[in-house]
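Content type compact mmCIF, C-alpha atoms and all ligand atoms, from the file work-v1.txt:
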```txt
# COMPACT_ATOMS: atom_id res chain seq x y z
CA MET J 26 97.75 -130.74 -56.79
CA GLY J 27 101.44 -130.10 -57.51
CA THR J 28 103.22 -126.89 -56.58
CA GLU J 29 102.08 -123.83 -58.52
CA GLN J 30 105.04 -124.22 -60.86
CA GLU J 31 103.83 -127.65 -62.02
CA GLN J 32 100.11 -126.95 -61.63
CA LEU J 33 98.33 -127.49 -64.93
CA VAL J 34 94.84 -126.31 -65.83
CA LYS J 35 92.70 -128.19 -68.32
CA ALA J 36 91.83 -125.72 -71.10
CA GLU J 37 88.35 -127.26 -71.33
CA GLU J 38 87.69 -126.65 -67.61
CA LEU J 39 89.03 -123.10 -67.79
CA LEU J 40 86.74 -122.43 -70.76
CA GLN J 41 83.77 -123.86 -68.87
CA ALA J 42 84.51 -121.66 -65.85
CA LEU J 43 84.90 -118.53 -68.00
CA MET J 44 81.71 -119.21 -69.95
CA ASN J 45 79.76 -119.70 -66.73
CA ALA J 46 81.28 -116.52 -65.28
CA SER J 47 80.42 -114.59 -68.45
CA GLU J 48 76.82 -115.84 -68.27
CA LYS J 49 76.52 -114.70 -64.64
CA ALA J 50 77.91 -111.33 -65.75
CA ALA J 51 75.37 -111.19 -68.57
CA ASN J 52 72.56 -111.95 -66.07
CA ILE J 53 73.69 -109.04 -63.88
CA ALA J 54 73.96 -106.73 -66.90
CA ARG J 55 70.46 -107.71 -68.06
CA ALA J 56 69.04 -107.39 -64.53
CA CYS J 57 70.46 -103.89 -64.09
CA ARG J 58 68.49 -102.92 -67.15
CA GLY J 59 65.45 -105.07 -66.61
CA GLU J 60 64.69 -104.86 -62.87
CA SER J 61 62.92 -101.58 -62.18
CA THR J 62 64.70 -101.11 -58.82
CA LEU J 63 68.13 -101.42 -60.42
CA PHE J 64 67.14 -99.72 -63.66
CA SER J 65 65.99 -96.61 -61.78
CA LEU J 66 69.48 -96.26 -60.30
CA LEU J 67 70.95 -96.60 -63.78
CA VAL J 68 68.49 -94.15 -65.34
CA GLU J 69 68.86 -91.73 -62.44
CA GLU J 70 72.59 -91.72 -63.09
CA LYS J 71 71.89 -91.12 -66.78
CA LYS J 72 69.54 -88.17 -66.09
CA ASP J 73 71.75 -86.45 -63.50
CA SER J 74 74.01 -84.06 -65.35
CA GLU J 75 76.45 -84.21 -62.46
CA LYS J 76 77.43 -87.20 -60.33
CA ASN J 77 74.61 -89.12 -58.68
CA LYS J 78 74.05 -87.43 -55.27
CA ARG J 79 73.31 -90.75 -53.62
CA PHE J 80 76.91 -91.91 -53.81
CA PHE J 81 80.08 -90.55 -55.24
CA GLN J 82 80.49 -93.26 -57.84
CA ASP J 83 77.83 -93.80 -60.46
CA PHE J 84 75.70 -96.93 -60.36
CA LYS J 85 76.80 -98.03 -63.79
CA THR J 86 80.35 -98.38 -62.47
CA LEU J 87 79.00 -100.43 -59.57
CA ALA J 88 77.47 -102.85 -62.08
CA ASP J 89 80.81 -103.00 -63.91
CA VAL J 90 82.77 -103.57 -60.70
CA LEU J 91 80.37 -106.21 -59.43
CA VAL J 92 80.60 -108.14 -62.69
CA GLN J 93 84.38 -107.94 -62.60
CA GLU J 94 84.51 -109.13 -58.98
CA CYS J 95 82.11 -111.97 -59.80
CA VAL J 96 84.24 -113.26 -62.64
CA SER J 97 87.39 -112.94 -60.56
CA HIS J 98 85.78 -114.65 -57.53
CA ASP J 99 84.20 -117.54 -59.42
CA VAL J 100 87.28 -118.31 -61.53
CA SER J 101 89.56 -118.09 -58.48
CA GLN J 102 87.27 -120.45 -56.54
CA ARG J 103 87.67 -122.97 -59.36
CA PHE J 104 91.42 -122.38 -59.85
CA PRO J 105 92.98 -121.19 -56.56
CA GLY J 106 96.04 -119.03 -57.20
CA ILE J 107 94.76 -117.58 -60.48
CA GLU J 108 93.32 -114.45 -58.77
CA LYS J 109 96.63 -112.59 -58.77
CA SER J 110 96.83 -112.68 -62.56
CA ILE J 111 93.28 -111.44 -63.17
CA GLN J 112 93.10 -107.75 -64.12
CA GLY J 113 90.26 -105.60 -65.25
CA GLU J 114 89.15 -102.14 -66.21
CA GLU J 115 87.60 -101.12 -62.94
CA SER J 116 88.87 -100.57 -59.42
CA ASN J 117 86.62 -102.06 -56.71
CA GLN J 118 86.93 -99.17 -54.26
CA PHE J 119 83.74 -97.20 -53.64
CA THR J 120 83.03 -94.18 -51.41
CA ASN J 121 79.50 -93.64 -50.18
CA THR J 122 77.95 -90.33 -49.10
CA LEU J 123 79.06 -91.00 -45.52
CA GLY J 124 82.62 -90.88 -46.79
CA GLU J 125 83.11 -94.59 -46.05
CA SER J 126 85.49 -96.20 -48.50
CA ILE J 127 84.14 -99.65 -49.32
CA CYS J 128 85.89 -102.42 -51.19
CA VAL J 129 83.22 -104.15 -53.28
CA LYS J 130 83.78 -107.89 -53.46
CA VAL J 131 81.91 -111.17 -53.43
CA MET J 132 81.60 -112.25 -49.79
CA ALA J 133 81.40 -115.82 -48.50
CA THR J 134 77.60 -115.71 -48.21
CA GLU J 135 74.79 -113.96 -50.08
CA ALA J 136 73.73 -112.18 -46.86
CA GLU J 137 77.21 -110.72 -46.36
CA THR J 138 77.34 -109.56 -49.99
CA GLU J 139 73.90 -108.01 -49.57
CA ASN J 140 75.03 -106.08 -46.47
CA LEU J 141 78.13 -104.83 -48.25
CA LEU J 142 76.16 -103.68 -51.31
CA ALA J 143 73.57 -101.95 -49.11
CA LYS J 144 76.39 -99.76 -47.75
CA VAL J 145 77.48 -98.76 -51.25
CA LEU J 146 73.89 -98.26 -52.33
CA ASP J 147 73.24 -96.14 -49.25
CA GLY J 148 70.44 -98.26 -47.91
CA ASN J 149 68.76 -99.18 -51.19
CA ASN J 150 68.16 -102.65 -49.83
CA ASN J 151 65.96 -103.84 -52.69
CA ALA J 152 68.80 -103.27 -55.14
CA ALA J 153 71.28 -104.90 -52.76
CA VAL J 154 69.06 -107.99 -52.37
CA LEU J 155 68.60 -108.34 -56.14
CA LEU J 156 72.27 -107.94 -56.98
CA ALA J 157 73.49 -110.24 -54.17
CA ASN J 158 71.12 -112.95 -55.36
CA LEU J 159 72.49 -112.76 -58.90
CA VAL J 160 76.07 -112.73 -57.67
CA HIS J 161 75.62 -115.96 -55.66
CA LYS J 162 73.39 -117.81 -58.13
CA ASP J 163 75.15 -120.86 -59.55
CA ILE J 164 75.45 -121.04 -63.33
CA ASN J 165 76.26 -124.36 -64.91
CA ASN J 166 75.96 -124.11 -68.66
CA SER J 167 77.35 -126.82 -70.84
CA VAL J 168 80.22 -125.84 -73.04
CA VAL J 169 79.05 -125.37 -76.59
CA GLU J 170 80.39 -128.02 -78.95
CA PRO J 171 83.02 -128.58 -80.29
CA ARG J 172 84.56 -129.49 -76.96
CA LEU J 173 88.18 -128.58 -76.43
CA ASP J 174 90.42 -131.65 -76.51
CA SER J 175 90.55 -132.66 -72.84
CA SER J 176 94.29 -133.37 -73.15
CA ILE J 177 95.11 -129.66 -73.66
CA GLN J 178 96.47 -128.18 -70.44
CA LEU J 179 97.88 -124.73 -69.57
CA PRO J 180 100.42 -124.05 -66.80
CA LEU J 181 98.59 -122.10 -64.08
CA ASN J 182 101.59 -119.80 -63.62
CA ASP J 183 101.44 -118.77 -67.30
CA ILE J 184 97.77 -117.75 -67.31
CA GLY J 185 96.88 -114.06 -67.33
CA ILE J 186 93.27 -112.82 -67.63
CA TRP J 187 91.88 -109.47 -68.81
CA ILE J 188 88.26 -108.65 -67.97
CA ASP J 189 86.12 -105.93 -69.48
CA PRO J 190 82.94 -106.43 -67.47
CA ILE J 191 80.65 -104.33 -69.65
CA ASP J 192 82.17 -103.06 -72.88
CA SER J 193 80.34 -100.31 -74.77
CA THR J 194 79.39 -98.64 -71.51
CA SER J 195 77.60 -95.66 -73.03
CA GLU J 196 75.35 -97.89 -75.15
CA TYR J 197 74.62 -99.92 -72.02
CA VAL J 198 73.45 -96.88 -70.07
CA ASN J 199 71.54 -95.40 -73.04
CA GLY J 200 69.80 -98.73 -73.45
CA GLN J 201 68.54 -98.22 -76.99
CA TRP J 202 67.91 -101.17 -79.29
CA GLU J 203 68.75 -100.77 -82.95
CA LYS J 204 68.06 -103.27 -85.70
CA PRO J 205 71.36 -104.38 -87.24
CA GLY J 206 72.12 -102.64 -90.53
CA VAL J 207 72.32 -104.14 -93.98
CA PHE J 208 75.59 -105.96 -93.16
CA GLY J 209 74.28 -107.37 -89.88
CA ILE J 210 76.25 -104.86 -87.79
CA ALA J 211 74.35 -102.60 -85.35
CA SER J 212 75.84 -99.10 -85.47
CA SER J 213 74.81 -98.45 -81.86
CA GLY J 214 72.58 -99.84 -79.13
CA LEU J 215 72.60 -102.72 -76.68
CA GLN J 216 73.77 -105.32 -79.22
CA SER J 217 77.24 -103.79 -79.00
CA VAL J 218 77.43 -104.45 -75.23
CA CYS J 219 79.84 -107.30 -74.52
CA VAL J 220 81.28 -109.08 -71.49
CA LEU J 221 84.91 -109.67 -72.50
CA ILE J 222 87.10 -112.28 -70.75
CA GLY J 223 90.47 -112.85 -72.39
CA VAL J 224 93.18 -115.32 -71.36
CA TYR J 225 96.76 -114.62 -72.45
CA SER J 226 100.18 -116.16 -71.84
CA LEU J 227 102.07 -114.28 -69.10
CA LEU J 228 105.30 -115.37 -70.76
CA SER J 229 104.67 -114.51 -74.43
CA GLY J 230 101.76 -112.06 -74.02
CA ALA J 231 99.85 -113.85 -76.82
CA PRO J 232 96.06 -114.17 -76.52
CA VAL J 233 95.13 -117.82 -75.89
CA LEU J 234 91.45 -118.13 -75.04
CA GLY J 235 88.68 -115.58 -75.52
CA VAL J 236 85.08 -115.60 -74.26
CA VAL J 237 82.73 -112.88 -75.52
CA ASN J 238 79.20 -112.82 -74.12
CA GLN J 239 76.60 -110.53 -75.70
CA PRO J 240 73.86 -110.15 -73.05
CA PHE J 241 71.52 -108.28 -75.42
CA TYR J 242 72.14 -110.20 -78.63
CA ALA J 243 68.46 -110.51 -79.56
CA TRP J 244 65.04 -109.77 -78.11
CA ASN J 245 62.98 -112.96 -77.71
CA TYR J 246 59.43 -111.89 -78.52
CA SER J 247 57.82 -115.06 -77.17
CA LEU J 248 59.75 -114.96 -73.87
CA ASN J 249 59.51 -111.15 -73.90
CA ARG J 250 63.09 -110.78 -72.72
CA TRP J 251 66.64 -110.37 -73.97
CA THR J 252 68.56 -113.45 -75.02
CA GLY J 253 72.31 -113.44 -75.33
CA ARG J 254 74.96 -115.48 -77.02
CA CYS J 255 78.43 -116.54 -75.99
CA ILE J 256 81.26 -116.97 -78.47
CA TRP J 257 84.67 -118.39 -77.68
CA GLY J 258 87.93 -119.15 -79.42
CA PHE J 259 91.07 -121.02 -78.38
CA CYS J 260 94.46 -120.67 -80.02
CA HIS J 261 97.55 -122.08 -78.36
CA GLN J 262 100.67 -123.68 -79.81
CA LYS J 263 98.94 -123.98 -83.18
CA THR J 264 95.99 -125.83 -81.67
CA THR J 265 92.95 -123.88 -82.65
CA PHE J 266 89.35 -124.40 -81.67
CA ASN J 267 86.48 -122.03 -81.91
CA VAL J 268 82.79 -122.14 -81.46
CA VAL J 269 80.98 -121.02 -84.55
CA GLU J 270 77.49 -121.16 -83.18
CA LYS J 271 74.69 -122.01 -85.58
CA LEU J 272 73.43 -118.48 -84.98
CA LEU J 273 76.82 -117.26 -86.05
CA HIS J 274 76.72 -119.56 -89.09
CA ASN J 275 73.28 -118.26 -89.93
CA VAL J 276 74.44 -114.70 -89.49
CA SER J 277 77.42 -115.24 -91.75
CA SER J 278 75.23 -117.06 -94.28
CA GLU J 279 72.98 -113.96 -94.28
CA LEU J 280 76.13 -112.03 -95.02
CA ALA J 281 76.57 -114.12 -98.16
CA ALA J 282 73.27 -112.71 -99.40
CA ASN J 283 74.21 -109.10 -98.63
CA THR J 284 77.95 -108.99 -99.19
CA PRO J 285 78.71 -106.48 -101.92
CA LEU J 286 80.60 -108.20 -104.71
CA ASP J 287 83.08 -105.41 -105.31
CA LYS J 288 83.85 -103.99 -101.85
CA SER J 289 85.09 -105.44 -98.55
CA VAL J 290 83.28 -104.38 -95.37
CA MET J 291 85.22 -102.32 -92.83
CA THR J 292 83.86 -101.42 -89.42
CA ILE J 293 85.28 -98.37 -87.64
CA SER J 294 84.68 -96.11 -84.66
CA GLY J 295 82.66 -92.95 -85.03
CA SER J 296 85.70 -91.10 -83.64
CA GLU J 297 87.82 -91.46 -86.81
CA ALA J 298 88.72 -88.27 -88.74
CA LEU J 299 86.48 -87.39 -91.68
CA PRO J 300 89.24 -87.15 -94.36
CA LEU J 301 90.31 -90.73 -93.57
CA VAL J 302 86.70 -91.94 -93.53
CA SER J 303 85.97 -90.42 -96.94
CA ALA J 304 89.15 -91.97 -98.37
CA LEU J 305 88.18 -95.37 -96.93
CA LYS J 306 84.70 -95.08 -98.43
CA ASP J 307 86.25 -95.08 -101.91
CA LYS J 308 87.53 -98.58 -101.27
CA TYR J 309 85.35 -100.15 -98.57
CA GLU J 310 81.79 -100.45 -97.37
CA VAL J 311 82.44 -98.46 -94.18
CA VAL J 312 80.15 -99.40 -91.27
CA PHE J 313 80.27 -97.33 -88.09
CA ALA J 314 79.62 -99.21 -84.84
CA ALA J 315 79.98 -98.71 -81.10
CA GLY J 316 81.91 -101.06 -78.84
CA ALA J 317 85.54 -101.91 -79.48
CA GLY J 318 84.97 -105.53 -78.44
CA TYR J 319 81.86 -105.69 -80.63
CA LYS J 320 83.74 -104.43 -83.68
CA VAL J 321 86.54 -107.00 -83.27
CA LEU J 322 83.80 -109.63 -82.82
CA SER J 323 82.11 -108.43 -86.02
CA VAL J 324 85.32 -109.28 -87.89
CA ALA J 325 85.57 -112.66 -86.13
CA SER J 326 81.94 -113.50 -86.96
CA GLY J 327 82.53 -112.64 -90.62
CA LEU J 328 80.20 -109.61 -90.73
CA ALA J 329 83.16 -107.35 -91.52
CA ASN J 330 86.47 -108.12 -93.18
CA LEU J 331 88.39 -105.49 -91.22
CA TYR J 332 88.24 -103.16 -88.20
CA LEU J 333 90.68 -100.23 -88.40
CA LEU J 334 91.42 -98.06 -85.35
CA THR J 335 93.95 -95.25 -85.78
CA LYS J 336 93.64 -93.88 -82.23
CA GLY J 337 94.80 -94.92 -78.77
CA SER J 338 91.21 -95.14 -77.50
CA THR J 339 91.08 -98.79 -76.52
CA PHE J 340 92.79 -100.93 -73.92
CA ARG J 341 94.12 -104.45 -73.49
CA TRP J 342 90.82 -105.50 -71.87
CA ASP J 343 88.86 -104.36 -74.95
CA THR J 344 90.78 -106.54 -77.39
CA CYS J 345 92.26 -109.58 -75.61
CA ALA J 346 89.16 -111.82 -75.72
CA PRO J 347 87.99 -111.19 -79.32
CA HIS J 348 91.65 -111.20 -80.43
CA ALA J 349 91.99 -114.81 -79.19
CA ILE J 350 88.84 -115.71 -81.15
CA LEU J 351 90.28 -114.11 -84.30
CA ARG J 352 93.56 -116.03 -83.81
CA SER J 353 91.57 -119.27 -83.58
CA LEU J 354 90.07 -118.43 -86.99
CA GLY J 355 93.41 -117.65 -88.65
CA GLY J 356 93.07 -113.88 -88.27
CA GLY J 357 94.53 -111.45 -85.73
CA VAL J 358 94.89 -107.92 -84.37
CA ILE J 359 98.14 -106.15 -85.31
CA ASN J 360 99.79 -102.92 -84.13
CA LEU J 361 98.94 -100.29 -86.77
CA LYS J 362 101.92 -97.96 -86.30
CA GLN J 363 104.43 -100.83 -86.38
CA ALA J 364 102.79 -102.35 -89.47
CA LEU J 365 102.91 -99.03 -91.37
CA GLY J 366 106.58 -98.72 -90.47
CA LEU J 367 107.49 -101.95 -92.27
CA PRO J 368 107.92 -102.56 -96.02
CA LEU J 369 104.80 -104.23 -97.41
CA ASP J 370 106.67 -107.32 -98.58
CA SER J 371 107.93 -108.07 -95.07
CA LEU J 372 104.51 -107.91 -93.37
CA LEU J 373 103.59 -111.57 -93.65
CA ASP J 374 106.96 -112.59 -92.20
CA ASN J 375 106.20 -110.26 -89.30
CA GLU J 376 102.52 -111.16 -88.84
CA GLU J 377 103.23 -113.01 -85.58
CA ASN J 378 105.34 -110.34 -83.91
CA LEU J 379 103.02 -107.52 -85.02
CA GLN J 380 100.18 -109.04 -82.99
CA LEU J 381 99.06 -107.00 -79.95
CA ILE J 382 100.40 -108.56 -76.74
CA TYR J 383 98.87 -108.44 -73.28
CA ASN J 384 101.59 -109.03 -70.68
CA CYS J 385 103.56 -105.78 -70.72
CA PRO J 386 102.44 -102.18 -70.14
CA GLU J 387 103.27 -99.12 -72.24
CA GLU J 388 106.41 -97.33 -71.04
CA GLY J 389 106.52 -93.87 -69.45
CA VAL J 390 102.81 -93.49 -68.65
CA ARG J 391 100.70 -94.08 -65.52
CA GLY J 392 97.29 -95.46 -64.57
CA ILE J 393 95.15 -97.12 -67.21
CA ASP J 394 97.24 -95.52 -69.99
CA ARG J 395 99.80 -98.22 -69.18
CA TRP J 396 97.38 -100.67 -70.82
CA CYS J 397 96.31 -98.53 -73.77
CA ASN J 398 96.56 -99.90 -77.31
CA VAL J 399 98.31 -96.62 -78.02
CA ASP J 400 99.41 -97.30 -81.62
CA GLY J 401 95.99 -98.20 -82.98
CA PHE J 402 95.40 -101.55 -84.66
CA ILE J 403 93.89 -103.51 -87.52
CA ALA J 404 91.64 -106.51 -86.74
CA TYR J 405 91.45 -108.93 -89.68
CA ARG J 406 90.17 -112.37 -90.58
CA ASP J 407 92.47 -113.04 -93.52
CA THR J 408 95.91 -111.74 -94.49
CA ALA J 409 94.84 -110.81 -98.05
CA SER J 410 92.44 -108.18 -96.64
CA LEU J 411 95.12 -107.07 -94.18
CA LEU J 412 97.77 -106.54 -96.86
CA GLU J 413 95.32 -104.74 -99.13
CA LEU J 414 94.41 -102.30 -96.33
CA ILE J 415 98.02 -101.59 -95.35
CA GLN J 416 98.94 -100.93 -98.96
CA PHE J 417 95.95 -98.56 -99.22
CA LEU J 418 96.90 -96.73 -96.00
CA LYS J 419 100.43 -96.24 -97.28
CA GLU J 420 99.05 -94.83 -100.52
CA VAL J 421 96.86 -92.31 -98.65
CA ASN J 422 99.91 -91.68 -96.49
CA LEU J 423 98.11 -92.30 -93.18
CA LYS J 424 100.05 -91.00 -90.19
CA PRO J 425 98.51 -92.69 -87.10
C1 LIG F 1 85.07 -98.36 -74.82
C2 LIG F 1 83.99 -98.81 -75.76
C3 LIG F 1 83.78 -97.72 -76.76
C4 LIG F 1 85.06 -97.51 -77.55
C5 LIG F 1 86.22 -97.19 -76.62
C6 LIG F 1 86.37 -98.30 -75.60
O1 LIG F 1 85.16 -99.22 -73.73
O2 LIG F 1 84.33 -100.02 -76.39
O3 LIG F 1 82.74 -98.10 -77.62
O4 LIG F 1 84.88 -96.39 -78.37
O5 LIG F 1 87.40 -97.07 -77.39
O6 LIG F 1 87.46 -98.02 -74.71
P1 LIG F 1 84.28 -96.54 -79.85
O7 LIG F 1 82.82 -96.71 -79.65
O8 LIG F 1 84.63 -95.25 -80.53
O9 LIG F 1 84.89 -97.74 -80.52
P2 LIG F 1 84.18 -98.99 -72.44
O10 LIG F 1 82.80 -98.88 -72.97
O11 LIG F 1 84.42 -100.21 -71.60
O12 LIG F 1 84.64 -97.73 -71.78
CA CA F 2 85.81 -101.39 -72.81
```
Kindly return the structure encoded in the file as structure tokens.
Amino acid sequence: MGTEQEQLVKAEELLQALMNASEKAANIARACRGESTLFSLLVEEKKDSEKNKRFFQDFKTLADVLVQECVSHDVSQRFPGIEKSIQGEESNQFTNTLGESICVKVMATEAETENLLAKVLDGNNNAAVLLANLVHKDINNSVVEPRLDSSIQLPLNDIGIWIDPIDSTSEYVNGQWEKPGVFGIASSGLQSVCVLIGVYSLLSGAPVLGVVNQPFYAWNYSLNRWTGRCIWGFCHQKTTFNVVEKLLHNVSSELAANTPLDKSVMTISGSEALPLVSALKDKYEVVFAAGAGYKVLSVASGLANLYLLTKGSTFRWDTCAPHAILRSLGGGVINLKQALGLPLDSLLDNEENLQLIYNCPEEGVRGIDRWCNVDGFIAYRDTASLLELIQFLKEVNLKP
């Protein structure tokens, strides 16, 4: 291998590694809900009004952290040197009831990981055994066709990665299952839970490759267990590839049957202000849904035309992966405040530089606020829908 400066990574191999890592993460997320030993810890956390007495950090966060460490470990094993540019939502420091501060990570052997987890789980060895086994289990899925052109390579020193190990946390802990609504979008429940792994250029900040894994995509009645799906998109230097799984095709073809002829579909967060929502309902079929990643994915999969967020309630790790998928489909995610500040007729010329970027933090704030999508955003599949929404927001004089 050349020095890091010259080291190139095959996009196809990076995609394979991220898809395998996302599937391992999905297995852990499903196990924490499915295995009674692990589930009891999760439910106990849910029932306790205050922090779980067993350890200072709640179990759900342990699941998040473990998934994040798994992805980081497995990808770094495959591409040494990449670990320093992998960031995620969670910190891997835990404190148990003995006051020991423990750094949760994937150890060299399953036994060592098991011992480490037992300390965090204060002796709940069954849970530690189960989780360590999942962490060290090899996953070798084949990349879904179409394959990325094997000639596409990325410089290792330009690759940044954002991980959201379990997006839609509250739906994950609540664990409800809700049949998707008339437009194929579930307003809440486990379908909105996503493992989000987004690759971006350290130099430009643009999203390049996104992997979104839905661990609870559908319940398989014959297997009597959850089955997931993994969607990816690649967009770099005008080369675009994306997987549009048959399931996805079927889903969008269902949409054809249900799409209202006169109104576009907009998905939004339940946290938006009522006056805005009622104004939007005059123009759009408004569909509430949980999960920021899930809502961007709903636009990418064609279930919704738009996702509008006026608040600074999401972070780079929520949007990077599905943003890359949208870019690969000709859509994008643009900064709302900046877009509203421009004349309408200059928006298309500015479409590129209005895109959210992932390599630089917000100024003048600390902690995770440095990575907050503070100005809100619009996720879109096509620019006609985007322009129509911005014109509408100007007319209702939206002040984000
Ligand atoms: C959350 C999650 C929530 C979302 C919030 C995100 O990430 O995606 O669903 O709120 O903005 O930060 P909303 O449901 O209103 O869209 P996490 O679950 O990882 O904390
Ligand atoms: Ca999130």
What are the closest atom pairs, with distances in Å to one decimal, for all residues of chain J lying within 12 Å of ligand CA 2 (chain F)? Consider all atoms listed in the file, order rows by chain and residue number, and present the result as a Markdown table.
```
| residue | atom | partner | partner_atom | distance |
| --- | --- | --- | --- | --- |
| J:Asp89 | CA | F:CA2 | CA | 10.3 |
| J:Gly113 | CA | F:CA2 | CA | 9.7 |
| J:Glu114 | CA | F:CA2 | CA | 7.4 |
| J:Glu115 | CA | F:CA2 | CA | 10.0 |
| J:Trp187 | CA | F:CA2 | CA | 10.9 |
| J:Ile188 | CA | F:CA2 | CA | 9.1 |
| J:Asp189 | CA | F:CA2 | CA | 5.6 |
| J:Pro190 | CA | F:CA2 | CA | 7.9 |
| J:Ile191 | CA | F:CA2 | CA | 6.7 |
| J:Asp192 | CA | F:CA2 | CA | 4.0 |
| J:Ser193 | CA | F:CA2 | CA | 5.9 |
| J:Thr194 | CA | F:CA2 | CA | 7.1 |
| J:Ser195 | CA | F:CA2 | CA | 10.0 |
| J:Glu196 | CA | F:CA2 | CA | 11.3 |
| J:Tyr197 | CA | F:CA2 | CA | 11.3 |
| J:Ser217 | CA | F:CA2 | CA | 10.8 |
| J:Val218 | CA | F:CA2 | CA | 9.2 |
| J:Cys219 | CA | F:CA2 | CA | 8.6 |
| J:Val220 | CA | F:CA2 | CA | 9.0 |
| J:Leu221 | CA | F:CA2 | CA | 8.3 |
| J:Ile222 | CA | F:CA2 | CA | 11.2 |
| J:Ala315 | CA | F:CA2 | CA | 10.5 |
| J:Gly316 | CA | F:CA2 | CA | 7.2 |
| J:Ala317 | CA | F:CA2 | CA | 6.7 |
| J:Gly318 | CA | F:CA2 | CA | 7.0 |
| J:Tyr319 | CA | F:CA2 | CA | 9.8 |
| J:Lys320 | CA | F:CA2 | CA | 11.5 |
| J:Val321 | CA | F:CA2 | CA | 11.9 |
| J:Ser338 | CA | F:CA2 | CA | 9.5 |
| J:Thr339 | CA | F:CA2 | CA | 6.9 |
| J:Phe340 | CA | F:CA2 | CA | 7.1 |
| J:Arg341 | CA | F:CA2 | CA | 8.9 |
| J:Trp342 | CA | F:CA2 | CA | 6.5 |
| J:Asp343 | CA | F:CA2 | CA | 4.8 |
| J:Thr344 | CA | F:CA2 | CA | 8.5 |
| J:Cys345 | CA | F:CA2 | CA | 10.8 |
| J:Ala346 | CA | F:CA2 | CA | 11.3 |
| J:Pro347 | CA | F:CA2 | CA | 12.0 |
| J:Ile393 | CA | F:CA2 | CA | 11.7 |
| J:Trp396 | CA | F:CA2 | CA | 11.8 |
| J:Cys397 | CA | F:CA2 | CA | 10.9 |
| J:Asn398 | CA | F:CA2 | CA | 11.7 |
```
Selection above as a file: C-alpha atoms, as an mmCIF file, in the frame of the given file:
```
data_model
loop_
_atom_site.group_PDB
_atom_site.id
_atom_site.type_symbol
_atom_site.label_atom_id
_atom_site.label_comp_id
_atom_site.auth_asym_id
_atom_site.auth_seq_id
_atom_site.Cartn_x
_atom_site.Cartn_y
_atom_site.Cartn_z
ATOM 1 C CA ASP J 89 80.810 -103.000 -63.910
ATOM 2 C CA GLY J 113 90.260 -105.600 -65.250
ATOM 3 C CA GLU J 114 89.150 -102.140 -66.210
ATOM 4 C CA GLU J 115 87.600 -101.120 -62.940
ATOM 5 C CA TRP J 187 91.880 -109.470 -68.810
ATOM 6 C CA ILE J 188 88.260 -108.650 -67.970
ATOM 7 C CA ASP J 189 86.120 -105.930 -69.480
ATOM 8 C CA PRO J 190 82.940 -106.430 -67.470
ATOM 9 C CA ILE J 191 80.650 -104.330 -69.650
ATOM 10 C CA ASP J 192 82.170 -103.060 -72.880
ATOM 11 C CA SER J 193 80.340 -100.310 -74.770
ATOM 12 C CA THR J 194 79.390 -98.640 -71.510
ATOM 13 C CA SER J 195 77.600 -95.660 -73.030
ATOM 14 C CA GLU J 196 75.350 -97.890 -75.150
ATOM 15 C CA TYR J 197 74.620 -99.920 -72.020
ATOM 16 C CA SER J 217 77.240 -103.790 -79.000
ATOM 17 C CA VAL J 218 77.430 -104.450 -75.230
ATOM 18 C CA CYS J 219 79.840 -107.300 -74.520
ATOM 19 C CA VAL J 220 81.280 -109.080 -71.490
ATOM 20 C CA LEU J 221 84.910 -109.670 -72.500
ATOM 21 C CA ILE J 222 87.100 -112.280 -70.750
ATOM 22 C CA ALA J 315 79.980 -98.710 -81.100
ATOM 23 C CA GLY J 316 81.910 -101.060 -78.840
ATOM 24 C CA ALA J 317 85.540 -101.910 -79.480
ATOM 25 C CA GLY J 318 84.970 -105.530 -78.440
ATOM 26 C CA TYR J 319 81.860 -105.690 -80.630
ATOM 27 C CA LYS J 320 83.740 -104.430 -83.680
ATOM 28 C CA VAL J 321 86.540 -107.000 -83.270
ATOM 29 C CA SER J 338 91.210 -95.140 -77.500
ATOM 30 C CA THR J 339 91.080 -98.790 -76.520
ATOM 31 C CA PHE J 340 92.790 -100.930 -73.920
ATOM 32 C CA ARG J 341 94.120 -104.450 -73.490
ATOM 33 C CA TRP J 342 90.820 -105.500 -71.870
ATOM 34 C CA ASP J 343 88.860 -104.360 -74.950
ATOM 35 C CA THR J 344 90.780 -106.540 -77.390
ATOM 36 C CA CYS J 345 92.260 -109.580 -75.610
ATOM 37 C CA ALA J 346 89.160 -111.820 -75.720
ATOM 38 C CA PRO J 347 87.990 -111.190 -79.320
ATOM 39 C CA ILE J 393 95.150 -97.120 -67.210
ATOM 40 C CA TRP J 396 97.380 -100.670 -70.820
ATOM 41 C CA CYS J 397 96.310 -98.530 -73.770
ATOM 42 C CA ASN J 398 96.560 -99.900 -77.310
#
```
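Reported to one decimal place, the separation of atom CA of J:Ile164 from atom CA of J:Ala51 is 11.2 Å.
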- Task: Check the smallest atom-to-atom distance from each of J:Asn158, J:Asp147, J:Tyr309, J:Gly392 to J:Glu125 using all atoms listed in the file, then report the winner.
- Result: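 Distance minimum relative to J:Glu125 lands on J:Asp147.
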- Message: What's the separation between atom C6 of ligand LIG 1 (chain F) and atom CA of J:Asp394, in Å to one decimal place?
- Response: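 Atom C6 of ligand LIG 1 (chain F) sits 12.5 Å away from atom CA of J:Asp394.
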Using all atoms of ligand LIG 1 (chain F) that appear in the file, construct an axis-aligned enclosing box with 6 Å of padding on every side and provide its centre coordinates and edge lengths in Å, rounded to one decimal, as AutoDock Vina command-line options.
```
--center_x 85.1 --center_y -97.7 --center_z -76.1 --size_x 16.7 --size_y 17.0 --size_z 20.9
```
